[in-house]
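Asks: Have a look at this one before I ask anything.
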Amino acid sequence: MRGFNDTAAPYSQDTTIVQQFEARVAEQPLAPAVYVKEAIYTYGELNRAANRLAHALRSSGAGNGSIVALMLERSFDMLAAIYGVLKAGAAYLPLDLESPPMRLQTMLSDSAPGWVITEGGVSRPSVLPATVEWVPLDSLADRDLPETNLPDGPEPGDLAYVIYTSGSTGNPKGVLVEHDALTNRIEWMQKTLPITHKDILFQKTVYTFDVSVWELVWWSTTGAAVCLLQPRKENDPRVFVRLIEKTGITVIHFVPSVLRLFLEYIGSDFALERLRSLRYVFCSGEALTVPLVSQFYHTFPPGQEVKLINLYGPTEAAIDVTYHVCERDALDQPVPIGRPIDNIRLYILRDDLTHASIGETGQLYISGVGLARGYLNQPQLTLERFVPNPYEPGQRMYRTGDLASWTMEGEVMYAGREDDQIKLRGLRIELGEVESCLLRAAQVKAAVAGVRIGDAGEQFLTAFVVAAADAEPIPEQDKLRALRAELALYLPAYAIPTEIIWMDEIPLKPNGKADRSLLLAIHGGKAAQS
Ligand code: AMP
């Protein structure tokens, strides 16, 4: 019987990544820590900048249990701010400067941060309650703040970060992740795929997505360095190549669809020595396909010691919970999401919570130290998704909504979703959130969203909408423009449908639910598996 994986392994239950970083600072204060544009900052410089902010936050009352929001672009200051918040014992809440206004308002009122740290030049959102302290980083420059470590930092059970992810009811939900979950995840990575002071990680994931968290902290616990991608270049392979070559980046992460862009850009007659430094290429966020793995190893011939690793995990379980190292000699095998990382147990269960047998598809459940505390201010939803573990009394397990099966070798194969959550270029979207936002518009009576696959395999987020009967007769183009403008108040750009199709009515399935697959099929292309 599968369903239990003995992955218990020691991890530092009495420290956090903050103490581990400070230990490295003490060992190598002058070592390079951060490469950004033409500058290189040392461990000591990062530590001092973070300490200044940590002291400022403490002196204004922040500490263990506080939430501090960040509205920053990727930069040395952003990194120092994250470390500063963590050193103060607080949790950081990363917010996108370009968030739609209503979405920003929802996240700020839900999380009620005591502080918002930002750059000079960013104006205070009008929605921010007067009680929230607005901290432009340049306002600290002239203050006489200590640069020494705080005597006390976060405790392992404290919150480390709050990351908002798509919510099916129309509003994003805040996932609460504690330090020990993060420590376990980072220590597993270092034990399994170690890096040293010679390594340079690429920090290229937008900080509102949880993949960014390991990119932001792993290196600093090991003596390695990080290279920060300039903002808004996350899908630009030319910039990746330039930075890999110039800085000697050794570790990089891609969502598979961006890896495909990268490999296509490299092509076949590329001077591979420009990428000679690469050692580990991690993928996660969506399914890694056999053709992509094959393309990867054809691009990097046997002479280059570069590993491709498939990672899997939801935000609700501290970034990743499984891994699979893709081997060069297994290019025709389906790619598993792999085995559990340390101190994580996986279960693949039938609807009645009995174990699925090998090869049988069931729902994937996660148990162990990686689990998030839950959703902020959503006790009911937390109870629905973090359920009692029938196999380990007293423990919880997270119901992922992912379908999966065990292989004979004890690895997990991913088999899609059981619900209406989708991934578009690795970005998590609840179709229900898109539909709720469409329905907020006065001119829409009914709405269904889905992913349509075009002839060349490209994915389109598509919405089928029925106009409200009393909507004024206005030209189609104006109607669309108005609807898009309304959606942009609530939804990030990637979750706004690229296609909006007006319908007379929505076809229904015999059970009365909208027939999404039929809609997608009759409008060309095939329906994506959600
Ligand atoms: P997020 O919370 O944004 O990290 O999204 C988590 C979801 O992304 C998972 O529940 C899966 O549906 C999907 N996902 C993440 N990694 C993989 C992977 N390696 N293969 C297939 N799906 C993945």
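Every chain in the structure tokens takes a letter, A first, then B, and so on in the order presented; its residues are numbered from 1, and the ligands are numbered from 1 following the presented order.
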9 Å from ligand 1 is the threshold here; counting only C-alpha atoms and all ligand atoms, which polymer residues fall inside it? Answer as a PyMOL selection string.
Replies: chain A and resi 165-166+209-211+255-256+283-289+310-320+322-324+335-338+400-403+413-417+421-423+426-429
Asks: Find the residues near Glu98 (chain A): any atom within 12 Å, counting only C-alpha atoms, skip ones fewer than 3 places away on the same chain, and give them as an mmCIF file with C-alpha atoms, in the first residue's frame.
Replies:
```cif
data_model
loop_
_atom_site.group_PDB
_atom_site.id
_atom_site.type_symbol
_atom_site.label_atom_id
_atom_site.label_comp_id
_atom_site.auth_asym_id
_atom_site.auth_seq_id
_atom_site.Cartn_x
_atom_site.Cartn_y
_atom_site.Cartn_z
ATOM 1 C CA MET A 71 5.439 47.705 -2.567
ATOM 2 C CA LEU A 72 8.815 47.535 -4.234
ATOM 3 C CA GLU A 73 10.369 46.636 -7.537
ATOM 4 C CA PRO A 94 4.757 41.245 -1.224
ATOM 5 C CA LEU A 95 2.465 43.494 -3.270
ATOM 6 C CA PRO A 101 -6.658 49.133 -7.555
ATOM 7 C CA MET A 102 -9.581 47.083 -6.233
ATOM 8 C CA ARG A 103 -7.391 44.018 -5.828
ATOM 9 C CA LEU A 104 -4.840 46.065 -3.910
ATOM 10 C CA VAL A 122 5.388 55.813 -5.147
ATOM 11 C CA PRO A 125 -2.796 54.512 -2.215
ATOM 12 C CA VAL A 206 8.185 38.193 -9.402
ATOM 13 C CA THR A 208 4.337 37.963 -5.358
ATOM 14 C CA PRO A 231 12.092 44.336 -13.284
ATOM 15 C CA ARG A 232 9.712 43.448 -16.135
ATOM 16 C CA ALA A 488 -8.667 45.642 -14.912
ATOM 17 C CA LEU A 489 -9.885 47.104 -11.605
ATOM 18 C CA TYR A 490 -9.939 43.646 -10.041
ATOM 19 C CA LEU A 491 -7.798 41.236 -12.021
ATOM 20 C CA PRO A 492 -4.069 41.224 -12.730
ATOM 21 C CA ALA A 493 -3.315 41.562 -16.450
ATOM 22 C CA TYR A 494 -2.567 37.827 -16.864
#
```
Asks: Excluding Phe21 (chain A) and residues on its chain fewer than 6 positions from it, collect all residues at most 9 Å away from it, counting only C-alpha atoms, and give them as number ranges by chain.
Replies: A: 43, 47, 217, 219-223
Asks: Among region 203-250 of chain A, which ones does DSSP assign to strand (DSSP E or B) (computed from the backbone)? Answer as a list of chain:residue names.
Replies: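 Secondary structure check on region 203-250 of chain A, strand (DSSP E or B): A:Gln203, A:Ala225, A:Val226, A:Cys227, A:Leu228.
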Asks: Would you output that residue set with all heavy atoms, as a compact mmCIF listing (two decimals), in the first residue's frame?
Replies:
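Wrote result31.txt, looks like this:
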```txt
# COMPACT_ATOMS: atom_id res chain seq x y z
N GLN A 203 17.65 35.50 -9.41
CA GLN A 203 16.36 35.83 -8.82
C GLN A 203 15.55 36.53 -9.90
O GLN A 203 15.72 37.71 -10.16
CB GLN A 203 16.55 36.74 -7.60
CG GLN A 203 15.40 36.65 -6.60
CD GLN A 203 14.10 37.27 -7.12
OE1 GLN A 203 14.05 38.47 -7.33
NE2 GLN A 203 13.07 36.48 -7.31
N ALA A 225 25.76 33.56 -3.80
CA ALA A 225 25.31 34.92 -4.11
C ALA A 225 24.05 34.87 -4.97
O ALA A 225 23.66 33.79 -5.44
CB ALA A 225 26.41 35.68 -4.84
N VAL A 226 23.45 36.03 -5.16
CA VAL A 226 22.24 36.11 -5.98
C VAL A 226 22.44 37.19 -7.03
O VAL A 226 23.14 38.18 -6.79
CB VAL A 226 21.00 36.41 -5.10
CG1 VAL A 226 21.03 37.84 -4.55
CG2 VAL A 226 19.71 36.17 -5.85
N CYS A 227 21.86 36.98 -8.19
CA CYS A 227 21.87 38.02 -9.22
C CYS A 227 20.42 38.42 -9.47
O CYS A 227 19.57 37.56 -9.73
CB CYS A 227 22.50 37.46 -10.50
SG CYS A 227 22.34 38.57 -11.91
N LEU A 228 20.13 39.70 -9.36
CA LEU A 228 18.74 40.17 -9.51
C LEU A 228 18.48 40.59 -10.95
O LEU A 228 19.18 41.45 -11.49
CB LEU A 228 18.49 41.36 -8.58
CG LEU A 228 18.75 41.15 -7.09
CD1 LEU A 228 18.41 42.43 -6.31
CD2 LEU A 228 17.93 39.98 -6.55
```
Asks: Which of region 259-336 of chain A end up as alpha helix (DSSP H) when DSSP is run on this backbone - answer as number ranges by chain?
Replies: A: 259-266, 290-299
Asks: Can you pull out the residues contacting Val444 (chain A)? Cut-off 10 Å, using only C-alpha atoms, and skip same-chain residues under 2 positions away; I want them as a VMD selection string.
Replies: chain A and resid 437 to 442 446 to 447 465 to 471 483 502
Asks: Between CA of Leu346 (chain A) and CA of Tyr365 (chain A), what distance in Å does the model show, to one decimal?
Replies: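 Distance between the two atoms: 5.7 Å.
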Asks: In Å, how far is it from CA of Ile348 (chain A) to CA of Arg399 (chain A)?
Replies: 10.0 Å
Asks: Given only C-alpha atoms as the basis, pick out the residue of A:Ala90, A:Leu137, A:Val321, A:Leu383 nearest to His179 (chain A).
Replies: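 For His179 (chain A), the nearest of the candidates is A:Ala90.
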Asks: Calculate how many Å separate CA of Lys246 (chain A) from CA of Leu308 (chain A), rounding to one decimal.
Replies: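 Distance between the two atoms: 21.7 Å.
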Asks: Determine, counting only C-alpha atoms, which protein, DNA and RNA residues have an atom within 8 Å of an atom of Leu145 (chain A); residues of the same chain fewer than 4 positions away are not included. Present the result as a list in words.
Replies: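 Here the answer would be Arg52, His55 and Ala56 of chain A.
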Asks: Taking into account only C-alpha atoms, which residue in the set A:Pro146, A:Pro113, A:Gly89, A:Pro507 is nearest to Asn51 (chain A)?
Replies: A:Pro146
Asks: Which is closest to Lys198 (chain A) among A:Lys509, A:Arg279, A:His298, A:Arg481, if we use only C-alpha atoms?
Replies: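 Among the listed residues, the smallest separation from Lys198 (chain A) belongs to A:Arg279.
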Asks: Can you tell me, as a PDB file with N, CA and C atoms, in the first residue's frame, what residues are no more than 12 Å from Ala49 (chain A) when counting only C-alpha atoms, ignoring any on the same chain fewer than 2 positions away?
Replies:
```
ATOM      1  N   TYR A  41      27.018  43.946  -4.067  1.00  0.00           N
ATOM      2  CA  TYR A  41      26.925  44.244  -2.641  1.00  0.00           C
ATOM      3  C   TYR A  41      27.427  43.035  -1.858  1.00  0.00           C
ATOM      4  N   THR A  42      28.103  43.311  -0.749  1.00  0.00           N
ATOM      5  CA  THR A  42      28.631  42.205   0.064  1.00  0.00           C
ATOM      6  C   THR A  42      27.582  41.726   1.067  1.00  0.00           C
ATOM      7  N   TYR A  43      27.882  40.581   1.690  1.00  0.00           N
ATOM      8  CA  TYR A  43      27.022  40.077   2.772  1.00  0.00           C
ATOM      9  C   TYR A  43      26.877  41.134   3.871  1.00  0.00           C
ATOM     10  N   GLY A  44      27.990  41.764   4.204  1.00  0.00           N
ATOM     11  CA  GLY A  44      27.947  42.767   5.274  1.00  0.00           C
ATOM     12  C   GLY A  44      27.034  43.926   4.899  1.00  0.00           C
ATOM     13  N   GLU A  45      27.124  44.372   3.655  1.00  0.00           N
ATOM     14  CA  GLU A  45      26.292  45.505   3.230  1.00  0.00           C
ATOM     15  C   GLU A  45      24.807  45.153   3.264  1.00  0.00           C
ATOM     16  N   LEU A  46      24.477  43.960   2.789  1.00  0.00           N
ATOM     17  CA  LEU A  46      23.066  43.544   2.823  1.00  0.00           C
ATOM     18  C   LEU A  46      22.584  43.457   4.265  1.00  0.00           C
ATOM     19  N   ASN A  47      23.433  42.894   5.119  1.00  0.00           N
ATOM     20  CA  ASN A  47      23.036  42.729   6.518  1.00  0.00           C
ATOM     21  C   ASN A  47      22.811  44.079   7.191  1.00  0.00           C
ATOM     22  N   ASN A  51      19.402  45.376   8.704  1.00  0.00           N
ATOM     23  CA  ASN A  51      19.331  45.691  10.137  1.00  0.00           C
ATOM     24  C   ASN A  51      18.758  47.085  10.382  1.00  0.00           C
ATOM     25  N   ARG A  52      19.145  48.039   9.558  1.00  0.00           N
ATOM     26  CA  ARG A  52      18.617  49.407   9.732  1.00  0.00           C
ATOM     27  C   ARG A  52      17.087  49.390   9.659  1.00  0.00           C
ATOM     28  N   LEU A  53      16.581  48.687   8.662  1.00  0.00           N
ATOM     29  CA  LEU A  53      15.124  48.636   8.526  1.00  0.00           C
ATOM     30  C   LEU A  53      14.504  47.862   9.691  1.00  0.00           C
ATOM     31  N   ALA A  54      15.160  46.766  10.070  1.00  0.00           N
ATOM     32  CA  ALA A  54      14.611  45.958  11.176  1.00  0.00           C
ATOM     33  C   ALA A  54      14.515  46.803  12.444  1.00  0.00           C
ATOM     34  N   HIS A  55      15.563  47.597  12.721  1.00  0.00           N
ATOM     35  CA  HIS A  55      15.521  48.457  13.918  1.00  0.00           C
ATOM     36  C   HIS A  55      14.428  49.512  13.786  1.00  0.00           C
ATOM     37  N   ALA A  56      14.299  50.082  12.580  1.00  0.00           N
ATOM     38  CA  ALA A  56      13.255  51.106  12.380  1.00  0.00           C
ATOM     39  C   ALA A  56      11.879  50.498  12.621  1.00  0.00           C
ATOM     40  N   PHE A  76      18.185  45.918  -4.944  1.00  0.00           N
ATOM     41  CA  PHE A  76      18.881  45.643  -3.680  1.00  0.00           C
ATOM     42  C   PHE A  76      17.996  46.069  -2.509  1.00  0.00           C
ATOM     43  N   ASP A  77      17.330  47.205  -2.650  1.00  0.00           N
ATOM     44  CA  ASP A  77      16.467  47.696  -1.561  1.00  0.00           C
ATOM     45  C   ASP A  77      15.338  46.711  -1.256  1.00  0.00           C
ATOM     46  N   MET A  78      14.791  46.111  -2.304  1.00  0.00           N
ATOM     47  CA  MET A  78      13.722  45.133  -2.086  1.00  0.00           C
ATOM     48  C   MET A  78      14.239  43.958  -1.261  1.00  0.00           C
ATOM     49  N   LEU A  79      15.428  43.489  -1.641  1.00  0.00           N
ATOM     50  CA  LEU A  79      16.005  42.341  -0.933  1.00  0.00           C
ATOM     51  C   LEU A  79      16.284  42.711   0.523  1.00  0.00           C
ATOM     52  N   ALA A  80      16.897  43.889   0.709  1.00  0.00           N
ATOM     53  CA  ALA A  80      17.211  44.323   2.075  1.00  0.00           C
ATOM     54  C   ALA A  80      15.921  44.495   2.878  1.00  0.00           C
ATOM     55  N   ALA A  81      14.854  44.936   2.219  1.00  0.00           N
ATOM     56  CA  ALA A  81      13.582  45.134   2.929  1.00  0.00           C
ATOM     57  C   ALA A  81      13.017  43.790   3.386  1.00  0.00           C
ATOM     58  N   ILE A  82      13.088  42.785   2.503  1.00  0.00           N
ATOM     59  CA  ILE A  82      12.568  41.465   2.893  1.00  0.00           C
ATOM     60  C   ILE A  82      13.347  40.939   4.099  1.00  0.00           C
ATOM     61  N   TYR A  83      14.666  41.028   4.019  1.00  0.00           N
ATOM     62  CA  TYR A  83      15.479  40.547   5.145  1.00  0.00           C
ATOM     63  C   TYR A  83      15.228  41.386   6.394  1.00  0.00           C
ATOM     64  N   GLY A  84      15.016  42.687   6.202  1.00  0.00           N
ATOM     65  CA  GLY A  84      14.766  43.564   7.348  1.00  0.00           C
ATOM     66  C   GLY A  84      13.471  43.200   8.052  1.00  0.00           C
ATOM     67  N   VAL A  85      12.438  42.942   7.265  1.00  0.00           N
ATOM     68  CA  VAL A  85      11.143  42.567   7.854  1.00  0.00           C
ATOM     69  C   VAL A  85      11.299  41.249   8.616  1.00  0.00           C
ATOM     70  N   LYS A  87      14.007  39.935   9.860  1.00  0.00           N
ATOM     71  CA  LYS A  87      14.848  40.120  11.047  1.00  0.00           C
ATOM     72  C   LYS A  87      14.054  40.756  12.192  1.00  0.00           C
ATOM     73  N   LEU A 137      11.528  53.994   1.628  1.00  0.00           N
ATOM     74  CA  LEU A 137      12.848  53.608   2.129  1.00  0.00           C
ATOM     75  C   LEU A 137      13.799  54.795   2.219  1.00  0.00           C
ATOM     76  N   ASP A 138      13.632  55.774   1.292  1.00  0.00           N
ATOM     77  CA  ASP A 138      14.575  56.897   1.361  1.00  0.00           C
ATOM     78  C   ASP A 138      14.347  57.756   2.601  1.00  0.00           C
ATOM     79  N   LEU A 140      14.385  56.650   5.455  1.00  0.00           N
ATOM     80  CA  LEU A 140      15.229  56.106   6.531  1.00  0.00           C
ATOM     81  C   LEU A 140      16.682  56.534   6.375  1.00  0.00           C
ATOM     82  N   ALA A 141      17.010  57.045   5.158  1.00  0.00           N
ATOM     83  CA  ALA A 141      18.423  57.268   4.831  1.00  0.00           C
ATOM     84  C   ALA A 141      19.117  58.165   5.865  1.00  0.00           C
ATOM     85  N   LEU A 145      20.172  54.947  12.589  1.00  0.00           N
ATOM     86  CA  LEU A 145      19.654  53.635  12.982  1.00  0.00           C
ATOM     87  C   LEU A 145      20.802  52.654  13.190  1.00  0.00           C
ATOM     88  N   PRO A 146      20.687  51.781  14.186  1.00  0.00           N
ATOM     89  CA  PRO A 146      21.765  50.803  14.398  1.00  0.00           C
ATOM     90  C   PRO A 146      21.883  49.866  13.199  1.00  0.00           C
ATOM     91  N   GLU A 147      23.100  49.404  12.952  1.00  0.00           N
ATOM     92  CA  GLU A 147      23.320  48.486  11.826  1.00  0.00           C
ATOM     93  C   GLU A 147      23.650  47.082  12.314  1.00  0.00           C
ATOM     94  N   THR A 148      23.494  46.887  13.617  1.00  0.00           N
ATOM     95  CA  THR A 148      23.842  45.593  14.216  1.00  0.00           C
ATOM     96  C   THR A 148      22.633  44.656  14.206  1.00  0.00           C
ATOM     97  N   ASN A 149      22.908  43.345  14.283  1.00  0.00           N
ATOM     98  CA  ASN A 149      21.816  42.375  14.344  1.00  0.00           C
ATOM     99  C   ASN A 149      20.950  42.613  15.567  1.00  0.00           C
TER     100      ASN A 149
END
```
Asks: Quick one: residues within 7 Å of Ile249 (chain A), only C-alpha atoms counted, chain neighbours fewer than 5 positions away excluded, as a list in words?
Replies: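 My list of contacting residues is Ile200, Leu201, Phe202, Ile244, Ser277 and Leu278 of chain A.
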Asks: For the residues in the current selection, export N, CA and C atoms as a short mmCIF file (atom, residue, chain, number, x, y, z; two decimals), in the first residue's frame.
Replies:
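Here's the written file part_8.cif:
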```cif
data_model
loop_
_atom_site.label_atom_id
_atom_site.label_comp_id
_atom_site.auth_asym_id
_atom_site.auth_seq_id
_atom_site.Cartn_x
_atom_site.Cartn_y
_atom_site.Cartn_z
N ILE A 200 25.97 31.21 -7.98
CA ILE A 200 25.18 32.45 -8.08
C ILE A 200 23.78 32.07 -8.56
N LEU A 201 22.78 32.37 -7.73
CA LEU A 201 21.38 32.09 -8.10
C LEU A 201 20.82 33.25 -8.89
N PHE A 202 19.90 32.95 -9.76
CA PHE A 202 19.22 33.99 -10.52
C PHE A 202 17.89 34.26 -9.82
N ILE A 244 23.40 35.58 -17.47
CA ILE A 244 24.07 34.31 -17.13
C ILE A 244 25.54 34.41 -17.53
N SER A 277 28.26 28.32 -17.29
CA SER A 277 28.21 28.33 -15.82
C SER A 277 27.02 27.57 -15.25
N LEU A 278 25.96 27.35 -16.05
CA LEU A 278 24.72 26.78 -15.48
C LEU A 278 24.94 25.38 -14.92
#
```
Asks: From the list A:Gln378, A:Thr299, A:Ser294, A:Gln105, which residue is nearest Phe270 (chain A) when using only C-alpha atoms?
Replies: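 Nearest candidate to Phe270 (chain A) out of A:Gln378, A:Thr299, A:Ser294, A:Gln105: A:Thr299.
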